[in-house]
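**Q** My structure file input34.cif, mmCIF, C-alpha atoms and all ligand atoms; chains and numbers go by the auth columns, is below:
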data_target
#
loop_
_atom_site.group_PDB
_atom_site.id
_atom_site.type_symbol
_atom_site.label_atom_id
_atom_site.label_comp_id
_atom_site.label_asym_id
_atom_site.label_seq_id
_atom_site.Cartn_x
_atom_site.Cartn_y
_atom_site.Cartn_z
_atom_site.B_iso_or_equiv
_atom_site.auth_seq_id
_atom_site.auth_asym_id
ATOM 1 C CA MET A 1 4.332 9.336 32.826 0.00 1 A
ATOM 2 C CA LEU A 2 7.497 9.604 30.714 0.00 2 A
ATOM 3 C CA ASN A 3 10.687 9.159 32.643 0.00 3 A
ATOM 4 C CA VAL A 4 14.104 9.590 31.024 0.00 4 A
ATOM 5 C CA GLU A 5 17.057 8.702 33.220 0.00 5 A
ATOM 6 C CA HIS A 6 20.778 9.175 32.615 0.00 6 A
ATOM 7 C CA LEU A 7 20.411 8.899 28.861 0.00 7 A
ATOM 8 C CA SER A 8 23.602 9.114 26.794 0.00 8 A
ATOM 9 C CA LYS A 9 24.303 8.649 23.095 0.00 9 A
ATOM 10 C CA SER A 10 27.403 8.925 20.914 0.00 10 A
ATOM 11 C CA TYR A 11 27.826 8.612 17.173 0.00 11 A
ATOM 12 C CA GLY A 12 30.735 7.526 14.991 0.00 12 A
ATOM 13 C CA ARG A 13 33.167 4.633 14.908 0.00 13 A
ATOM 14 C CA GLY A 14 36.261 6.630 15.828 0.00 14 A
ATOM 15 C CA LYS A 15 37.707 6.852 19.298 0.00 15 A
ATOM 16 C CA PRO A 16 36.672 8.930 21.029 0.00 16 A
ATOM 17 C CA LYS A 17 33.147 8.836 19.591 0.00 17 A
ATOM 18 C CA LYS A 18 31.233 12.084 19.343 0.00 18 A
ATOM 19 C CA ALA A 19 29.024 12.478 22.413 0.00 19 A
ATOM 20 C CA ILE A 20 25.641 13.817 21.298 0.00 20 A
ATOM 21 C CA LEU A 21 23.620 13.341 24.493 0.00 21 A
ATOM 22 C CA GLN A 22 25.105 13.210 27.962 0.00 22 A
ATOM 23 C CA ASP A 23 23.299 12.145 31.114 0.00 23 A
ATOM 24 C CA ILE A 24 19.852 13.433 30.154 0.00 24 A
ATOM 25 C CA ASN A 25 17.190 13.287 32.869 0.00 25 A
ATOM 26 C CA LEU A 26 13.667 14.491 32.244 0.00 26 A
ATOM 27 C CA THR A 27 10.034 13.754 33.013 0.00 27 A
ATOM 28 C CA VAL A 28 6.671 14.514 31.464 0.00 28 A
ATOM 29 C CA ASP A 29 3.637 14.081 33.704 0.00 29 A
ATOM 30 C CA GLU A 30 0.108 13.285 32.594 0.00 30 A
ATOM 31 C CA GLY A 31 -1.539 16.202 30.807 0.00 31 A
ATOM 32 C CA GLU A 32 1.572 18.394 30.967 0.00 32 A
ATOM 33 C CA ILE A 33 3.005 20.475 28.116 0.00 33 A
ATOM 34 C CA VAL A 34 6.776 20.397 28.413 0.00 34 A
ATOM 35 C CA GLY A 35 9.205 22.248 26.154 0.00 35 A
ATOM 36 C CA ILE A 36 12.744 21.434 25.102 0.00 36 A
ATOM 37 C CA VAL A 37 14.749 24.335 23.733 0.00 37 A
ATOM 38 C CA GLY A 38 18.326 24.718 22.619 0.00 38 A
ATOM 39 C CA GLU A 39 20.270 25.889 19.630 0.00 39 A
ATOM 40 C CA SER A 40 20.684 23.874 16.454 0.00 40 A
ATOM 41 C CA GLY A 41 22.835 20.794 17.026 0.00 41 A
ATOM 42 C CA SER A 42 22.276 20.655 20.786 0.00 42 A
ATOM 43 C CA GLY A 43 20.754 17.170 20.448 0.00 43 A
ATOM 44 C CA LYS A 44 17.008 17.821 20.627 0.00 44 A
ATOM 45 C CA SER A 45 15.999 15.617 17.690 0.00 45 A
ATOM 46 C CA THR A 46 18.346 12.836 18.755 0.00 46 A
ATOM 47 C CA LEU A 47 16.670 12.896 22.157 0.00 47 A
ATOM 48 C CA ALA A 48 13.234 12.712 20.485 0.00 48 A
ATOM 49 C CA ARG A 49 14.315 9.670 18.439 0.00 49 A
ATOM 50 C CA LEU A 50 15.604 7.923 21.553 0.00 50 A
ATOM 51 C CA ILE A 51 12.393 8.656 23.462 0.00 51 A
ATOM 52 C CA MET A 52 10.401 7.197 20.556 0.00 52 A
ATOM 53 C CA ARG A 53 12.628 4.086 20.488 0.00 53 A
ATOM 54 C CA LEU A 54 13.593 4.830 16.889 0.00 54 A
ATOM 55 C CA GLU A 55 17.198 4.451 18.051 0.00 55 A
ATOM 56 C CA SER A 56 18.783 2.858 21.081 0.00 56 A
ATOM 57 C CA ALA A 57 20.704 4.691 23.787 0.00 57 A
ATOM 58 C CA ASP A 58 24.278 3.849 24.816 0.00 58 A
ATOM 59 C CA GLU A 59 23.370 4.303 28.447 0.00 59 A
ATOM 60 C CA GLY A 60 20.301 5.166 30.495 0.00 60 A
ATOM 61 C CA THR A 61 16.623 4.369 30.241 0.00 61 A
ATOM 62 C CA VAL A 62 13.407 5.717 28.774 0.00 62 A
ATOM 63 C CA SER A 63 10.340 4.441 30.574 0.00 63 A
ATOM 64 C CA PHE A 64 6.707 5.064 30.003 0.00 64 A
ATOM 65 C CA ALA A 65 4.137 4.474 32.750 0.00 65 A
ATOM 66 C CA THR A 66 1.402 2.974 30.574 0.00 66 A
ATOM 67 C CA ALA A 67 3.688 1.146 28.195 0.00 67 A
ATOM 68 C CA ASP A 68 1.546 -1.930 27.565 0.00 68 A
ATOM 69 C CA ASP A 69 1.281 -0.822 23.936 0.00 69 A
ATOM 70 C CA PHE A 70 3.998 1.764 23.349 0.00 70 A
ATOM 71 C CA TYR A 71 2.863 2.516 19.772 0.00 71 A
ATOM 72 C CA ALA A 72 -0.614 3.482 20.964 0.00 72 A
ATOM 73 C CA SER A 73 0.668 5.431 23.976 0.00 73 A
ATOM 74 C CA CYS A 74 3.375 7.567 22.465 0.00 74 A
ATOM 75 C CA GLN A 75 3.468 9.218 19.032 0.00 75 A
ATOM 76 C CA ILE A 76 5.721 11.737 17.298 0.00 76 A
ATOM 77 C CA VAL A 77 5.130 14.487 14.731 0.00 77 A
ATOM 78 C CA PHE A 78 8.074 15.740 12.695 0.00 78 A
ATOM 79 C CA GLN A 79 8.746 19.168 11.257 0.00 79 A
ATOM 80 C CA ASN A 80 8.574 18.345 7.591 0.00 80 A
ATOM 81 C CA ALA A 81 4.982 17.375 6.923 0.00 81 A
ATOM 82 C CA THR A 82 5.588 16.994 3.180 0.00 82 A
ATOM 83 C CA ALA A 83 8.430 14.512 3.577 0.00 83 A
ATOM 84 C CA ALA A 84 6.455 12.588 6.189 0.00 84 A
ATOM 85 C CA MET A 85 3.648 11.717 3.774 0.00 85 A
ATOM 86 C CA ASN A 86 3.501 9.495 0.714 0.00 86 A
ATOM 87 C CA PRO A 87 2.774 12.009 -2.103 0.00 87 A
ATOM 88 C CA SER A 88 0.773 9.537 -4.185 0.00 88 A
ATOM 89 C CA TRP A 89 -1.647 8.663 -1.389 0.00 89 A
ATOM 90 C CA THR A 90 -4.850 10.529 -0.648 0.00 90 A
ATOM 91 C CA VAL A 91 -5.355 11.988 2.816 0.00 91 A
ATOM 92 C CA ARG A 92 -7.844 9.175 3.479 0.00 92 A
ATOM 93 C CA GLU A 93 -5.194 6.533 2.692 0.00 93 A
ATOM 94 C CA ILE A 94 -2.583 8.382 4.759 0.00 94 A
ATOM 95 C CA LEU A 95 -4.924 8.492 7.739 0.00 95 A
ATOM 96 C CA LYS A 96 -6.098 4.894 7.451 0.00 96 A
ATOM 97 C CA GLU A 97 -2.584 3.510 7.606 0.00 97 A
ATOM 98 C CA PRO A 98 -1.924 4.066 11.349 0.00 98 A
ATOM 99 C CA LEU A 99 -5.326 2.501 12.106 0.00 99 A
ATOM 100 C CA ARG A 100 -4.597 -0.764 10.302 0.00 100 A
ATOM 101 C CA LYS A 101 -4.825 -2.688 13.580 0.00 101 A
ATOM 102 C CA MET A 102 -8.065 -1.000 14.627 0.00 102 A
ATOM 103 C CA LYS A 103 -11.177 -3.095 14.904 0.00 103 A
ATOM 104 C CA GLY A 104 -14.401 -1.354 13.865 0.00 104 A
ATOM 105 C CA ASP A 105 -15.176 1.457 11.478 0.00 105 A
ATOM 106 C CA ARG A 106 -11.915 3.243 10.607 0.00 106 A
ATOM 107 C CA ASP A 107 -13.676 5.731 8.302 0.00 107 A
ATOM 108 C CA ALA A 108 -16.087 6.783 11.041 0.00 108 A
ATOM 109 C CA HIS A 109 -13.204 7.287 13.489 0.00 109 A
ATOM 110 C CA ILE A 110 -11.312 9.409 10.939 0.00 110 A
ATOM 111 C CA ARG A 111 -14.390 11.549 10.237 0.00 111 A
ATOM 112 C CA GLU A 112 -14.909 12.105 13.957 0.00 112 A
ATOM 113 C CA MET A 113 -11.274 13.106 14.514 0.00 113 A
ATOM 114 C CA LEU A 114 -11.068 15.365 11.424 0.00 114 A
ATOM 115 C CA GLU A 115 -13.093 17.976 13.202 0.00 115 A
ATOM 116 C CA LYS A 116 -10.701 18.007 16.172 0.00 116 A
ATOM 117 C CA VAL A 117 -7.901 19.326 13.955 0.00 117 A
ATOM 118 C CA GLY A 118 -10.065 21.700 11.924 0.00 118 A
ATOM 119 C CA LEU A 119 -10.144 19.670 8.697 0.00 119 A
ATOM 120 C CA GLU A 120 -13.190 18.750 6.654 0.00 120 A
ATOM 121 C CA GLU A 121 -14.361 15.682 4.754 0.00 121 A
ATOM 122 C CA LYS A 122 -13.503 17.355 1.440 0.00 122 A
ATOM 123 C CA HIS A 123 -9.803 17.114 2.395 0.00 123 A
ATOM 124 C CA LEU A 124 -9.933 13.306 2.528 0.00 124 A
ATOM 125 C CA ALA A 125 -9.905 12.854 -1.244 0.00 125 A
ATOM 126 C CA ARG A 126 -6.949 15.201 -1.798 0.00 126 A
ATOM 127 C CA ARG A 127 -3.248 14.352 -2.084 0.00 127 A
ATOM 128 C CA PRO A 128 -0.631 16.200 0.035 0.00 128 A
ATOM 129 C CA SER A 129 0.301 18.472 -2.909 0.00 129 A
ATOM 130 C CA GLU A 130 -3.306 19.703 -2.978 0.00 130 A
ATOM 131 C CA LEU A 131 -3.150 21.002 0.618 0.00 131 A
ATOM 132 C CA SER A 132 -1.779 24.242 2.061 0.00 132 A
ATOM 133 C CA GLY A 133 1.206 24.092 4.432 0.00 133 A
ATOM 134 C CA GLY A 134 -1.071 24.482 7.447 0.00 134 A
ATOM 135 C CA GLU A 135 -3.472 21.793 6.225 0.00 135 A
ATOM 136 C CA ARG A 136 -0.553 19.427 5.586 0.00 136 A
ATOM 137 C CA GLN A 137 0.696 19.901 9.140 0.00 137 A
ATOM 138 C CA ARG A 138 -2.851 19.264 10.422 0.00 138 A
ATOM 139 C CA VAL A 139 -3.007 15.991 8.479 0.00 139 A
ATOM 140 C CA ASN A 140 0.428 15.124 9.833 0.00 140 A
ATOM 141 C CA LEU A 141 -0.763 15.852 13.375 0.00 141 A
ATOM 142 C CA LEU A 142 -4.031 14.019 12.881 0.00 142 A
ATOM 143 C CA ARG A 143 -2.208 10.933 11.656 0.00 143 A
ATOM 144 C CA SER A 144 -0.292 10.848 14.941 0.00 144 A
ATOM 145 C CA ILE A 145 -3.276 11.417 17.221 0.00 145 A
ATOM 146 C CA LEU A 146 -5.702 8.975 15.566 0.00 146 A
ATOM 147 C CA VAL A 147 -4.575 6.267 17.974 0.00 147 A
ATOM 148 C CA GLU A 148 -5.239 8.752 20.820 0.00 148 A
ATOM 149 C CA PRO A 149 -1.777 8.619 22.378 0.00 149 A
ATOM 150 C CA LYS A 150 -1.139 9.638 25.983 0.00 150 A
ATOM 151 C CA LEU A 151 1.972 11.535 24.891 0.00 151 A
ATOM 152 C CA LEU A 152 2.634 13.429 21.671 0.00 152 A
ATOM 153 C CA VAL A 153 6.227 14.405 20.884 0.00 153 A
ATOM 154 C CA CYS A 154 6.341 17.420 18.538 0.00 154 A
ATOM 155 C CA ASP A 155 9.729 17.966 16.905 0.00 155 A
ATOM 156 C CA GLU A 156 9.927 21.511 15.497 0.00 156 A
ATOM 157 C CA ILE A 157 6.436 21.239 14.040 0.00 157 A
ATOM 158 C CA VAL A 158 5.835 24.969 13.633 0.00 158 A
ATOM 159 C CA SER A 159 9.299 25.907 12.392 0.00 159 A
ATOM 160 C CA ASN A 160 8.644 26.223 8.671 0.00 160 A
ATOM 161 C CA LEU A 161 5.204 27.776 8.932 0.00 161 A
ATOM 162 C CA ASP A 162 4.307 31.444 8.767 0.00 162 A
ATOM 163 C CA ARG A 163 3.208 33.199 11.982 0.00 163 A
ATOM 164 C CA LEU A 164 -0.529 32.902 11.356 0.00 164 A
ATOM 165 C CA ILE A 165 -0.427 29.169 10.639 0.00 165 A
ATOM 166 C CA GLN A 166 1.987 28.736 13.555 0.00 166 A
ATOM 167 C CA LYS A 167 -0.604 30.320 15.815 0.00 167 A
ATOM 168 C CA GLU A 168 -3.321 27.990 14.525 0.00 168 A
ATOM 169 C CA ILE A 169 -1.181 24.900 15.092 0.00 169 A
ATOM 170 C CA VAL A 170 -0.240 26.068 18.607 0.00 170 A
ATOM 171 C CA GLU A 171 -3.933 26.592 19.427 0.00 171 A
ATOM 172 C CA LEU A 172 -4.639 23.143 18.070 0.00 172 A
ATOM 173 C CA ILE A 173 -1.987 21.610 20.338 0.00 173 A
ATOM 174 C CA GLN A 174 -3.541 23.437 23.313 0.00 174 A
ATOM 175 C CA ARG A 175 -6.963 22.048 22.394 0.00 175 A
ATOM 176 C CA LEU A 176 -5.686 18.486 22.069 0.00 176 A
ATOM 177 C CA ASN A 177 -4.069 18.866 25.466 0.00 177 A
ATOM 178 C CA ARG A 178 -7.202 20.281 27.053 0.00 178 A
ATOM 179 C CA GLU A 179 -9.851 18.126 25.392 0.00 179 A
ATOM 180 C CA MET A 180 -8.031 14.818 25.075 0.00 180 A
ATOM 181 C CA GLY A 181 -5.742 15.196 28.098 0.00 181 A
ATOM 182 C CA MET A 182 -2.766 14.488 25.843 0.00 182 A
ATOM 183 C CA ALA A 183 0.637 15.285 27.319 0.00 183 A
ATOM 184 C CA ILE A 184 2.908 17.148 24.911 0.00 184 A
ATOM 185 C CA LEU A 185 6.692 17.212 24.622 0.00 185 A
ATOM 186 C CA PHE A 186 7.271 20.261 22.434 0.00 186 A
ATOM 187 C CA ILE A 187 10.737 20.562 20.917 0.00 187 A
ATOM 188 C CA SER A 188 11.426 23.933 19.356 0.00 188 A
ATOM 189 C CA HIS A 189 13.964 26.664 18.936 0.00 189 A
ATOM 190 C CA ASP A 190 11.141 29.232 18.869 0.00 190 A
ATOM 191 C CA LEU A 191 11.304 30.534 22.412 0.00 191 A
ATOM 192 C CA LYS A 192 8.261 32.778 22.089 0.00 192 A
ATOM 193 C CA VAL A 193 6.080 29.828 21.126 0.00 193 A
ATOM 194 C CA VAL A 194 7.552 27.686 23.912 0.00 194 A
ATOM 195 C CA GLU A 195 6.975 30.353 26.558 0.00 195 A
ATOM 196 C CA HIS A 196 3.393 30.780 25.377 0.00 196 A
ATOM 197 C CA LEU A 197 2.562 27.080 25.149 0.00 197 A
ATOM 198 C CA CYS A 198 4.551 25.154 27.734 0.00 198 A
ATOM 199 C CA ASP A 199 4.061 24.688 31.480 0.00 199 A
ATOM 200 C CA ARG A 200 7.673 23.701 31.988 0.00 200 A
ATOM 201 C CA VAL A 201 10.834 23.849 29.896 0.00 201 A
ATOM 202 C CA TYR A 202 14.226 22.157 29.713 0.00 202 A
ATOM 203 C CA VAL A 203 17.150 24.044 28.175 0.00 203 A
ATOM 204 C CA MET A 204 19.706 21.974 26.251 0.00 204 A
ATOM 205 C CA GLN A 205 23.244 22.960 25.397 0.00 205 A
ATOM 206 C CA GLY A 206 25.861 20.703 23.839 0.00 206 A
ATOM 207 C CA GLY A 207 23.948 17.489 24.504 0.00 207 A
ATOM 208 C CA ARG A 208 23.178 18.244 28.143 0.00 208 A
ATOM 209 C CA ILE A 209 20.171 19.637 29.962 0.00 209 A
ATOM 210 C CA ILE A 210 21.570 22.627 31.748 0.00 210 A
ATOM 211 C CA GLU A 211 18.424 24.038 33.308 0.00 211 A
ATOM 212 C CA GLU A 212 14.728 23.463 33.906 0.00 212 A
ATOM 213 C CA SER A 213 12.093 26.089 34.644 0.00 213 A
ATOM 214 C CA VAL A 214 8.423 25.990 35.607 0.00 214 A
ATOM 215 C CA LYS A 215 6.263 28.797 34.192 0.00 215 A
ATOM 216 C CA ARG A 216 4.892 31.230 36.735 0.00 216 A
ATOM 217 C CA ASP A 217 2.708 34.224 35.859 0.00 217 A
ATOM 218 C CA GLY A 218 3.221 33.502 32.170 0.00 218 A
ATOM 219 C CA HIS A 219 7.016 33.444 32.259 0.00 219 A
ATOM 220 C CA PHE A 220 9.954 31.152 32.860 0.00 220 A
ATOM 221 C CA SER A 221 12.814 32.245 35.059 0.00 221 A
ATOM 222 C CA PHE A 222 16.418 31.163 34.643 0.00 222 A
ATOM 223 C CA GLU A 223 19.739 31.431 36.365 0.00 223 A
ATOM 224 C CA HIS A 224 22.120 29.882 33.859 0.00 224 A
ATOM 225 C CA SER A 225 23.771 32.489 31.612 0.00 225 A
ATOM 226 C CA TYR A 226 23.078 30.436 28.457 0.00 226 A
ATOM 227 C CA SER A 227 19.324 30.207 29.197 0.00 227 A
ATOM 228 C CA LEU A 228 19.225 33.905 30.046 0.00 228 A
ATOM 229 C CA MET A 229 20.909 34.681 26.750 0.00 229 A
ATOM 230 C CA LEU A 230 18.457 32.445 24.826 0.00 230 A
ATOM 231 C CA PHE A 231 15.347 33.935 26.412 0.00 231 A
ATOM 232 C CA GLU A 232 16.634 37.518 26.563 0.00 232 A
HETATM 233 N N1 LIG B . 22.907 9.613 12.731 0.00 301 A
HETATM 234 C C1 LIG B . 23.854 10.491 13.088 0.00 301 A
HETATM 235 N N2 LIG B . 25.174 10.209 12.924 0.00 301 A
HETATM 236 C C2 LIG B . 26.113 11.090 13.307 0.00 301 A
HETATM 237 N N3 LIG B . 25.874 12.276 13.878 0.00 301 A
HETATM 238 C C3 LIG B . 24.587 12.631 14.064 0.00 301 A
HETATM 239 C C4 LIG B . 23.514 11.763 13.680 0.00 301 A
HETATM 240 N N4 LIG B . 22.332 12.390 14.007 0.00 301 A
HETATM 241 C C5 LIG B . 22.661 13.573 14.558 0.00 301 A
HETATM 242 N N5 LIG B . 24.012 13.720 14.592 0.00 301 A
HETATM 243 C C6 LIG B . 24.734 14.870 15.159 0.00 301 A
HETATM 244 O O1 LIG B . 24.240 15.048 16.469 0.00 301 A
HETATM 245 C C7 LIG B . 24.211 16.436 16.817 0.00 301 A
HETATM 246 C C8 LIG B . 22.826 16.771 17.351 0.00 301 A
HETATM 247 O O2 LIG B . 21.878 16.684 16.290 0.00 301 A
HETATM 248 P P1 LIG B . 20.319 16.899 16.533 0.00 301 A
HETATM 249 O O3 LIG B . 19.665 16.815 15.198 0.00 301 A
HETATM 250 O O4 LIG B . 19.869 15.984 17.604 0.00 301 A
HETATM 251 O O5 LIG B . 20.290 18.396 17.074 0.00 301 A
HETATM 252 P P2 LIG B . 19.089 19.407 17.188 0.00 301 A
HETATM 253 O O6 LIG B . 19.281 20.117 18.475 0.00 301 A
HETATM 254 O O7 LIG B . 17.817 18.697 16.971 0.00 301 A
HETATM 255 O O8 LIG B . 19.366 20.384 15.982 0.00 301 A
HETATM 256 P P3 LIG B . 18.310 21.151 15.033 0.00 301 A
HETATM 257 O O9 LIG B . 17.596 22.128 15.910 0.00 301 A
HETATM 258 O O10 LIG B . 19.188 21.815 14.016 0.00 301 A
HETATM 259 O O11 LIG B . 17.422 20.106 14.439 0.00 301 A
HETATM 260 C C9 LIG B . 24.620 17.195 15.554 0.00 301 A
HETATM 261 O O12 LIG B . 25.978 17.550 15.700 0.00 301 A
HETATM 262 C C10 LIG B . 24.437 16.165 14.456 0.00 301 A
HETATM 263 O O13 LIG B . 25.361 16.417 13.414 0.00 301 A
#
Show this structure as structure tokens.
**A**
Amino acid sequence: MLNVEHLSKSYGRGKPKKAILQDINLTVDEGEIVGIVGESGSGKSTLARLIMRLESADEGTVSFATADDFYASCQIVFQNATAAMNPSWTVREILKEPLRKMKGDRDAHIREMLEKVGLEEKHLARRPSELSGGERQRVNLLRSILVEPKLLVCDEIVSNLDRLIQKEIVELIQRLNREMGMAILFISHDLKVVEHLCDRVYVMQGGRIIEESVKRDGHFSFEHSYSLMLFE
């Protein structure tokens, strides 16, 4: 469904420029949950931005099988739910915004989807500051899935949450995948969460994908020394 081929990106005006991504190749199939792991600075978020067309690549292509309306097919959730939301808006206003092009009853659609992420109607009248961290991340997630995308890119979405809320959000992602058939590209440096959640994983180091593994019997297996060290 998502096909990334030979993607490269550099930043800076100097020569040589700083290479951030080099010859990245990856796929996400329909209904799959795919992880991307790697240490801080390895290029994971840059890759997410390129996949979402928020920035252009220097070389390579990102293609999406059902790309007739990219916005409706592919959505992203970022780590910092607080920064991602207008603090003066109510949850209802925040959720209505991505549906501005929708024909029909936007309120009814929001009410129907609220339940999918474990929120209630009482949350609609609140502002982000009146929600817990877990509730804020649910609103953030809900905002991205209201258009029922085929692919959801999650960039470190459980990183700043405590273990219990992390678990709830991971279960929520699993449910969205199961019930809505949504494919997930889950970017994280939390290897435990990735091993639990993902069917397949790519390991990034220094802007390159150095290894890929498919989960068997609940575990990934690696050969590259860097991946072995990460997952040790
Ligand atoms: N707009 C930019 N201009 C210049 N350099 C950038 C820009 N965005 C990212 N970088 C650099 O690209 C490298 C990769 O950053 P990126 O945020 O993609 O890594 P990451 O793996 O997501 O890290 P983290 O896990 O800490 O978020 C870093 O060295 C960063 O400083």
**Q** Written as a PyMOL selection string, what is the full residue list that the PyMOL selection byres (((not hetatm)) within 10 of (chain A and resi 301)) yields on the file shown?
**A** chain A and resi 9-13+17-21+36-50+55+79+155-156+159+187-189+204-207
**Q** Would you pick out the contacts of A:Glu93 at 12 Å or less, using all atoms listed in the file, so that residues sharing its chain but fewer than 4 positions from it are not included, and give the list as a PDB file with C-alpha atoms, keeping the file's coordinate frame?
**A**
ATOM      1  CA  MET A  85       3.648  11.717   3.774  1.00  0.00           C
ATOM      2  CA  ASN A  86       3.501   9.495   0.714  1.00  0.00           C
ATOM      3  CA  PRO A  87       2.774  12.009  -2.103  1.00  0.00           C
ATOM      4  CA  SER A  88       0.773   9.537  -4.185  1.00  0.00           C
ATOM      5  CA  TRP A  89      -1.647   8.663  -1.389  1.00  0.00           C
ATOM      6  CA  GLU A  97      -2.584   3.510   7.606  1.00  0.00           C
ATOM      7  CA  PRO A  98      -1.924   4.066  11.349  1.00  0.00           C
ATOM      8  CA  LEU A  99      -5.326   2.501  12.106  1.00  0.00           C
ATOM      9  CA  ARG A 100      -4.597  -0.764  10.302  1.00  0.00           C
ATOM     10  CA  ARG A 106     -11.915   3.243  10.607  1.00  0.00           C
ATOM     11  CA  ASP A 107     -13.676   5.731   8.302  1.00  0.00           C
ATOM     12  CA  ILE A 110     -11.312   9.409  10.939  1.00  0.00           C
ATOM     13  CA  HIS A 123      -9.803  17.114   2.395  1.00  0.00           C
ATOM     14  CA  LEU A 124      -9.933  13.306   2.528  1.00  0.00           C
ATOM     15  CA  ALA A 125      -9.905  12.854  -1.244  1.00  0.00           C
ATOM     16  CA  ARG A 126      -6.949  15.201  -1.798  1.00  0.00           C
ATOM     17  CA  ARG A 127      -3.248  14.352  -2.084  1.00  0.00           C
ATOM     18  CA  PRO A 128      -0.631  16.200   0.035  1.00  0.00           C
ATOM     19  CA  VAL A 139      -3.007  15.991   8.479  1.00  0.00           C
ATOM     20  CA  ARG A 143      -2.208  10.933  11.656  1.00  0.00           C
TER      21      ARG A 143
END
**Q** Would you list the residues near (18.7, 8.2, 33.1), meaning any protein, DNA or RNA residue with an atom at most 8 Å from that point in file coordinates, counting all atoms listed in the file, as a ChimeraX atom specification?
**A** /A:4-7,23-25,59-62
**Q** Quick one: apply the PyMOL selection byres (((chain A and resi 186) around 12) and not hetatm) to the file and drop the selected residues here as a PyMOL selection string.
**A** chain A and resi 28+32-38+44-45+47-48+76-79+151-159+170+173-174+177+183-185+187-191+193-202
**Q** Which is closest to A:Ala108 among A:Lys15, A:Lys96, A:His224, A:Arg163, if we use all atoms listed in the file?
**A**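 Ranked by minimum distance to A:Ala108, first place goes to A:Lys96.
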**Q** Give me the box for stretch 176-190 of chain A as JSON, namely the centre and edge lengths in Å to one decimal of a box along x, y and z that holds every listed atom plus 3 Å on each side.
**A**
{"center_x": 2.1, "center_y": 21.9, "center_z": 23.5, "size_x": 29.8, "size_y": 20.7, "size_z": 15.2}
